[in-house]
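**Student:** I have a structure I would like to understand better, so I am pasting it below and will then ask my questions one at a time.
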Amino acid sequence: MKADNAPATVPAEAEELLAASAAWDHLSPSRHRHLKDVLMRRIDQDLARGTRTTATATATTMVATAAAPQRRRRQPRPMMVLPVAAALTAVLVVTASGGGHAPGHFPAAPPAHYNSASATLSRIAAVAMTGNVTPVKDDQLVYVETLTRGNKGAFGGQVRLGALHKQEYWTVQRPGPMTEEGWIRESGKDAVMPGLGPMVATSPVYAGLDHPTYKWLATLPTDPEALRALLYAETEPWGTSSLDETVFSNIGGMLSTAIMPPATASALYQVVEKIPGVRVVPDAVDAAGRHGFGITRHDPGAATRDTWIFDKATLTYLGSRSYMIGHQGDGTAVETLYGVNAVMRRGVVDRPGEVPASVEG
């Protein structure tokens with residue numbers, strides 16, 4: 001897994017796409033993640049065909065793909081909200097200035113007491129069932145505060161994690177249809193939206209997989225097998241990702257961004273327990289520097305891998321890390337960290353900009 005030293009170049013068509021997306025602050029985070037996923041889909045398809053396309057060719061393909069309507073059934077990755085330029089940069093290169101694993105190595109096997117993902121997820125599910133959560137009303141907002149670092153490298157250059165800064169989200173809980181999904185505010189160095197601004201949907205949004213409100217989550221079956229059947233039936237794989245991988249990503253999005261009934265959270269972890277290929281990472285660090293263990297999964301040939309991080313003592317969710325899986329011309333893989341976050345606080349409020357006095361979960 002040596003780094004590829006060949007610089008990535010950006011065609012004029014990709015620059016035009018970025019220019020068209022300049023008003024990114026008027027879109028919701030889900031729209032930015034959707035644009036990133038379009039590019040991920042193209043990368044996955046290229047890898048599945050056995051081709052090792054250059055960043056230039058991939059970027060060119062992305063323009064035509066992004067212009068076409070997409071049926072979006074995939075829950076966004078956990079709180080990795082990046083401007084379009086940063087998201088594109090993160091996946092257009094396979095070089096890194098730091099944060100990736102050492103050449104030739106993916107995460108080591110976990111120690112004996114964390115060697116079973118199934119047993120670990122069973123313990124997490126049991127803890128989740130004991131959570132103390134106040135039901136959220138339709139006219140209230142779910143507040144989530146995170147610390148995050150995302151890619152700030154030059155477009156077409158190396159991945160470079162930016163400064164740690166705070167992101168705050170106020171998510172609307174109405175069942176829909178809605179055009180404003182909520183509000184966002186950032187603060188600190190590398191913050192892109194320092195003022196409170198709306199997250200505007202490009203089309204009407206309803207409560208569901210793409211917008212998991214408390215009331216919708218409360219309607220889900222709490223029997224793990226029934227919930228598993230429902231999620232698999234309602235999920236459409238994206239790109240060359242398997243159905244298992246897409247369900248894993250969907251659940252990660254819900255666990256990181258929502259407030260839900262304890263029984264629902266417990267059942268979701270039990271669904272993850274049955275997903276093939278899920279494994280434990282013995283040590284993972286969130287954006288706040290907190291060490292925990294990770295739960296991860298990766299489809300062979302997929303362009304990215306996400307790791308959910310949990311506290312080793314309390315088994316509560318801490319944050320996530322996102323890696324890009326690139327390939328050199330000879331097929332050698334390289335894994336690069338391009339985003340990390342930490343959930344610091346969740347709660348329920350009545351107005352945008354309000355910060356909860358108590359923490360839910």
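Residues in the structure tokens are numbered from 1 in each chain, the chains being A, B, ... in the order shown, and ligands are numbered from 1 in the order shown.
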Quick check for you: according to DSSP on this backbone, which residues of stretch 104-333 of chain A are classed as alpha helix (DSSP H)? Reply as JSON, numbers by chain.

**Tutor:** {"A": [117, 118, 119, 120, 121, 122, 123, 124, 125, 126, 127, 128, 129, 214, 215, 216, 217, 218, 224, 225, 226, 227, 228, 229, 230, 231, 232, 233, 234, 243, 244, 245, 246, 247, 248, 249, 250, 251, 252, 253, 254, 255, 256, 257, 262, 263, 264, 265, 266, 267, 268, 269, 270, 271, 272, 273]}

**Student:** Name the residues in contact with A:Leu147 at a cut-off of 6 Å, using only C-alpha atoms, excluding same-chain residues fewer than 4 positions from it; report them as a short mmCIF file (atom, residue, chain, number, x, y, z; two decimals) with N, CA, C and O atoms, in the first residue's frame.

**Tutor:**
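Saved the output as result-v3.cif:
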```
data_model
loop_
_atom_site.label_atom_id
_atom_site.label_comp_id
_atom_site.auth_asym_id
_atom_site.auth_seq_id
_atom_site.Cartn_x
_atom_site.Cartn_y
_atom_site.Cartn_z
N HIS A 165 -13.00 21.80 14.25
CA HIS A 165 -13.97 22.87 14.51
C HIS A 165 -15.32 22.26 14.88
O HIS A 165 -15.54 21.06 14.75
N LYS A 166 -16.21 23.12 15.34
CA LYS A 166 -17.51 22.66 15.85
C LYS A 166 -18.58 22.81 14.78
O LYS A 166 -18.64 23.80 14.07
N ASN A 341 -14.92 12.61 13.14
CA ASN A 341 -15.79 13.49 13.93
C ASN A 341 -16.02 12.90 15.31
O ASN A 341 -15.64 11.76 15.60
N ALA A 342 -16.62 13.70 16.17
CA ALA A 342 -16.95 13.28 17.53
C ALA A 342 -18.27 13.92 17.91
O ALA A 342 -18.43 15.14 17.80
#
```

**Student:** Could you tell me which of A:Ala191, A:Ala128, A:Val359, A:Leu220 comes closest to A:Gly162 if we count only C-alpha atoms?

**Tutor:**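 Once distances to A:Gly162 are computed over only C-alpha atoms, the minimum belongs to A:Ala191.
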
**Student:** Hey, can you check how far atom CA of A:Phe248 sits from atom CA of A:Ser203?

**Tutor:**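 Between these atoms lies a distance of 25.3 Å.
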
**Student:** Quick one: everything within 10 Å of A:Arg149, counting only C-alpha atoms, minus sequence neighbours fewer than 5 positions away in the same chain. Send it as a VMD selection string.

**Tutor:** chain A and resid 80 to 82 160 to 166 190 to 191 286 to 288 321 338 to 342

**Student:** Those same residues - N, CA and C atoms - I'd like them written as a PDB file, in the first residue's frame.

**Tutor:**
```pdb
ATOM      1  N   MET A  80     -20.479  13.341   8.186  1.00  0.00           N
ATOM      2  CA  MET A  80     -19.351  13.818   7.403  1.00  0.00           C
ATOM      3  C   MET A  80     -19.842  14.851   6.407  1.00  0.00           C
ATOM      4  N   VAL A  81     -20.142  16.037   6.869  1.00  0.00           N
ATOM      5  CA  VAL A  81     -20.686  17.079   6.008  1.00  0.00           C
ATOM      6  C   VAL A  81     -19.527  17.927   5.511  1.00  0.00           C
ATOM      7  N   LEU A  82     -19.248  17.854   4.214  1.00  0.00           N
ATOM      8  CA  LEU A  82     -18.156  18.592   3.631  1.00  0.00           C
ATOM      9  C   LEU A  82     -18.673  19.453   2.498  1.00  0.00           C
ATOM     10  N   ARG A 160      -5.485  16.575   3.035  1.00  0.00           N
ATOM     11  CA  ARG A 160      -4.948  17.238   4.229  1.00  0.00           C
ATOM     12  C   ARG A 160      -6.101  17.556   5.155  1.00  0.00           C
ATOM     13  N   LEU A 161      -6.104  16.952   6.329  1.00  0.00           N
ATOM     14  CA  LEU A 161      -7.170  17.216   7.276  1.00  0.00           C
ATOM     15  C   LEU A 161      -7.075  18.646   7.797  1.00  0.00           C
ATOM     16  N   GLY A 162      -8.203  19.342   7.776  1.00  0.00           N
ATOM     17  CA  GLY A 162      -8.246  20.718   8.248  1.00  0.00           C
ATOM     18  C   GLY A 162      -8.288  20.796   9.762  1.00  0.00           C
ATOM     19  N   ALA A 163      -8.467  21.988  10.254  1.00  0.00           N
ATOM     20  CA  ALA A 163      -8.483  22.226  11.694  1.00  0.00           C
ATOM     21  C   ALA A 163      -9.756  21.663  12.325  1.00  0.00           C
ATOM     22  N   LEU A 164      -9.629  21.274  13.562  1.00  0.00           N
ATOM     23  CA  LEU A 164     -10.784  20.818  14.332  1.00  0.00           C
ATOM     24  C   LEU A 164     -11.729  21.999  14.552  1.00  0.00           C
ATOM     25  N   HIS A 165     -13.003  21.804  14.254  1.00  0.00           N
ATOM     26  CA  HIS A 165     -13.968  22.865  14.512  1.00  0.00           C
ATOM     27  C   HIS A 165     -15.320  22.263  14.879  1.00  0.00           C
ATOM     28  N   LYS A 166     -16.210  23.116  15.343  1.00  0.00           N
ATOM     29  CA  LYS A 166     -17.506  22.658  15.852  1.00  0.00           C
ATOM     30  C   LYS A 166     -18.582  22.805  14.782  1.00  0.00           C
ATOM     31  N   ASP A 190     -11.471  26.919   9.871  1.00  0.00           N
ATOM     32  CA  ASP A 190     -11.956  26.046   8.796  1.00  0.00           C
ATOM     33  C   ASP A 190     -13.465  25.861   8.821  1.00  0.00           C
ATOM     34  N   ALA A 191     -14.169  26.614   9.657  1.00  0.00           N
ATOM     35  CA  ALA A 191     -15.631  26.580   9.616  1.00  0.00           C
ATOM     36  C   ALA A 191     -16.102  27.222   8.324  1.00  0.00           C
ATOM     37  N   ASP A 286     -11.624   9.313  18.116  1.00  0.00           N
ATOM     38  CA  ASP A 286     -12.544  10.264  17.505  1.00  0.00           C
ATOM     39  C   ASP A 286     -11.891  11.637  17.398  1.00  0.00           C
ATOM     40  N   ALA A 287     -12.626  12.604  16.867  1.00  0.00           N
ATOM     41  CA  ALA A 287     -12.069  13.933  16.628  1.00  0.00           C
ATOM     42  C   ALA A 287     -11.726  14.673  17.909  1.00  0.00           C
ATOM     43  N   ALA A 288     -12.319  14.265  19.025  1.00  0.00           N
ATOM     44  CA  ALA A 288     -12.019  14.897  20.312  1.00  0.00           C
ATOM     45  C   ALA A 288     -10.823  14.254  21.005  1.00  0.00           C
ATOM     46  N   ARG A 321     -14.864   7.599  11.924  1.00  0.00           N
ATOM     47  CA  ARG A 321     -13.738   7.886  11.057  1.00  0.00           C
ATOM     48  C   ARG A 321     -14.083   7.373   9.655  1.00  0.00           C
ATOM     49  N   TYR A 338      -9.862  10.577   5.543  1.00  0.00           N
ATOM     50  CA  TYR A 338     -10.253  11.861   4.977  1.00  0.00           C
ATOM     51  C   TYR A 338     -11.303  12.587   5.815  1.00  0.00           C
ATOM     52  N   GLY A 339     -11.735  12.006   6.936  1.00  0.00           N
ATOM     53  CA  GLY A 339     -12.675  12.702   7.798  1.00  0.00           C
ATOM     54  C   GLY A 339     -12.802  11.997   9.132  1.00  0.00           C
ATOM     55  N   VAL A 340     -12.953  12.772  10.196  1.00  0.00           N
ATOM     56  CA  VAL A 340     -13.146  12.211  11.533  1.00  0.00           C
ATOM     57  C   VAL A 340     -14.039  13.166  12.315  1.00  0.00           C
ATOM     58  N   ASN A 341     -14.923  12.609  13.144  1.00  0.00           N
ATOM     59  CA  ASN A 341     -15.787  13.487  13.928  1.00  0.00           C
ATOM     60  C   ASN A 341     -16.023  12.897  15.313  1.00  0.00           C
ATOM     61  N   ALA A 342     -16.616  13.698  16.172  1.00  0.00           N
ATOM     62  CA  ALA A 342     -16.949  13.279  17.534  1.00  0.00           C
ATOM     63  C   ALA A 342     -18.273  13.919  17.915  1.00  0.00           C
TER      64      ALA A 342
END
```

**Student:** Kindly indicate which residue among A:Ile251, A:Met260, A:Val192, A:Val281 lies nearest to A:Leu227, using only C-alpha atoms for the distances.

**Tutor:**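 The answer is A:Ile251, which sits nearest to A:Leu227.
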
**Student:** Would you mind listing what lies within 12 Å of A:Val144 as number ranges by chain, with only C-alpha atoms counted and same-chain residues fewer than 4 positions away left out?

**Tutor:** A: 78-79, 166-172, 182-186, 255-259, 319, 342-349, 352-356, 358-361

**Student:** Store the residues picked out above, limited to C-alpha atoms, as a short mmCIF file (atom, residue, chain, number, x, y, z; two decimals), in the first residue's frame.

**Tutor:**
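Ended up saving to out.cif:
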```
data_model
loop_
_atom_site.label_atom_id
_atom_site.label_comp_id
_atom_site.auth_asym_id
_atom_site.auth_seq_id
_atom_site.Cartn_x
_atom_site.Cartn_y
_atom_site.Cartn_z
CA PRO A 78 -22.33 9.76 9.83
CA MET A 79 -22.09 13.52 10.03
CA LYS A 166 -17.51 22.66 15.85
CA GLN A 167 -20.64 21.85 13.86
CA GLU A 168 -24.17 22.18 15.25
CA TYR A 169 -27.33 20.83 13.64
CA TRP A 170 -30.99 21.44 14.40
CA THR A 171 -33.04 18.78 12.54
CA VAL A 172 -36.74 19.25 11.84
CA GLY A 182 -33.17 22.03 9.65
CA TRP A 183 -30.38 24.49 10.42
CA ILE A 184 -26.59 24.33 10.65
CA ARG A 185 -23.93 26.46 12.35
CA GLU A 186 -20.15 26.08 12.45
CA LEU A 255 -27.19 6.15 15.01
CA SER A 256 -24.99 9.22 14.61
CA THR A 257 -27.51 11.93 13.74
CA ALA A 258 -30.79 11.04 15.45
CA ILE A 259 -32.40 10.63 18.84
CA GLY A 319 -18.05 9.35 16.69
CA ALA A 342 -16.95 13.28 17.53
CA VAL A 343 -20.51 13.64 18.81
CA MET A 344 -20.27 15.86 21.88
CA ARG A 345 -23.91 16.54 22.72
CA ARG A 346 -27.45 15.67 21.63
CA GLY A 347 -30.70 17.05 22.88
CA VAL A 348 -34.15 18.37 22.07
CA VAL A 349 -34.97 22.06 21.62
CA PRO A 352 -33.26 26.87 15.82
CA GLY A 353 -30.14 28.23 17.50
CA GLU A 354 -31.26 27.01 20.95
CA VAL A 355 -28.86 24.72 22.83
CA PRO A 356 -30.31 22.02 25.11
CA SER A 358 -29.61 18.38 29.15
CA VAL A 359 -28.13 15.56 27.08
CA GLU A 360 -30.27 12.75 25.68
CA GLY A 361 -29.23 9.14 25.24
#
```

**Student:** Could you pull out the strand (DSSP E) residues of stretch 73-312 of chain A, going by DSSP on the backbone, and write them as a VMD selection string?

**Tutor:** chain A and resid 141 to 150 165 to 172 178 to 187 197 to 205 279 to 285 291 to 297 304 to 310

**Student:** Using only C-alpha atoms, determine which residues lie at most 9 Å from A:Pro261, disregarding the query and same-chain residues fewer than 4 positions distant; provide the list as a ChimeraX atom specification.

**Tutor:** /A:129,131-135,214,217-218,265-266,361

**Student:** Filtering to N, CA and C atoms, could you give me those residues as a JSON list (two decimals), in the first residue's frame?

**Tutor:**
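Written output follows (out_4.json):
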```json
[["chain", "number", "residue", "atom", "x", "y", "z"],
["A", 129, "MET", "N", -30.45, -0.36, 25.28],
["A", 129, "MET", "CA", -31.80, -0.59, 25.79],
["A", 129, "MET", "C", -32.04, 0.15, 27.10],
["A", 131, "GLY", "N", -31.00, 3.18, 27.82],
["A", 131, "GLY", "CA", -30.92, 4.62, 27.65],
["A", 131, "GLY", "C", -32.15, 5.35, 28.17],
["A", 132, "ASN", "N", -31.94, 6.58, 28.60],
["A", 132, "ASN", "CA", -33.02, 7.42, 29.12],
["A", 132, "ASN", "C", -33.31, 8.51, 28.09],
["A", 133, "VAL", "N", -34.37, 8.33, 27.31],
["A", 133, "VAL", "CA", -34.67, 9.23, 26.21],
["A", 133, "VAL", "C", -36.07, 9.80, 26.35],
["A", 134, "THR", "N", -36.18, 11.12, 26.23],
["A", 134, "THR", "CA", -37.48, 11.77, 26.25],
["A", 134, "THR", "C", -38.03, 11.83, 24.83],
["A", 135, "PRO", "N", -39.25, 11.37, 24.60],
["A", 135, "PRO", "CA", -39.82, 11.41, 23.24],
["A", 135, "PRO", "C", -39.77, 12.82, 22.65],
["A", 214, "TYR", "N", -37.71, 11.20, 15.13],
["A", 214, "TYR", "CA", -37.97, 10.36, 16.30],
["A", 214, "TYR", "C", -39.25, 9.55, 16.13],
["A", 217, "LEU", "N", -38.74, 6.70, 13.66],
["A", 217, "LEU", "CA", -37.93, 5.65, 14.28],
["A", 217, "LEU", "C", -38.74, 4.85, 15.30],
["A", 218, "ALA", "N", -39.64, 5.54, 16.00],
["A", 218, "ALA", "CA", -40.47, 4.85, 17.00],
["A", 218, "ALA", "C", -41.47, 3.88, 16.36],
["A", 265, "ALA", "N", -32.89, 1.68, 19.10],
["A", 265, "ALA", "CA", -31.42, 1.66, 19.02],
["A", 265, "ALA", "C", -30.89, 0.27, 19.28],
["A", 266, "SER", "N", -31.41, -0.40, 20.28],
["A", 266, "SER", "CA", -30.98, -1.76, 20.60],
["A", 266, "SER", "C", -31.23, -2.71, 19.44],
["A", 361, "GLY", "N", -29.92, 10.35, 25.67],
["A", 361, "GLY", "CA", -29.23, 9.14, 25.24],
["A", 361, "GLY", "C", -28.90, 8.22, 26.38]]
```

**Student:** From the set A:Trp216, A:Tyr269, A:Tyr206, A:Tyr323, which residue has the shortest atom-to-atom contact distance to A:Asp306, counting only C-alpha atoms?

**Tutor:**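 Ranking A:Trp216, A:Tyr269, A:Tyr206, A:Tyr323 by distance to A:Asp306, first place goes to A:Tyr323.
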
**Student:** Closest to A:Glu225 among A:Gln270, A:Thr146, A:Thr304, A:Thr336, using only C-alpha atoms?

**Tutor:** A:Gln270
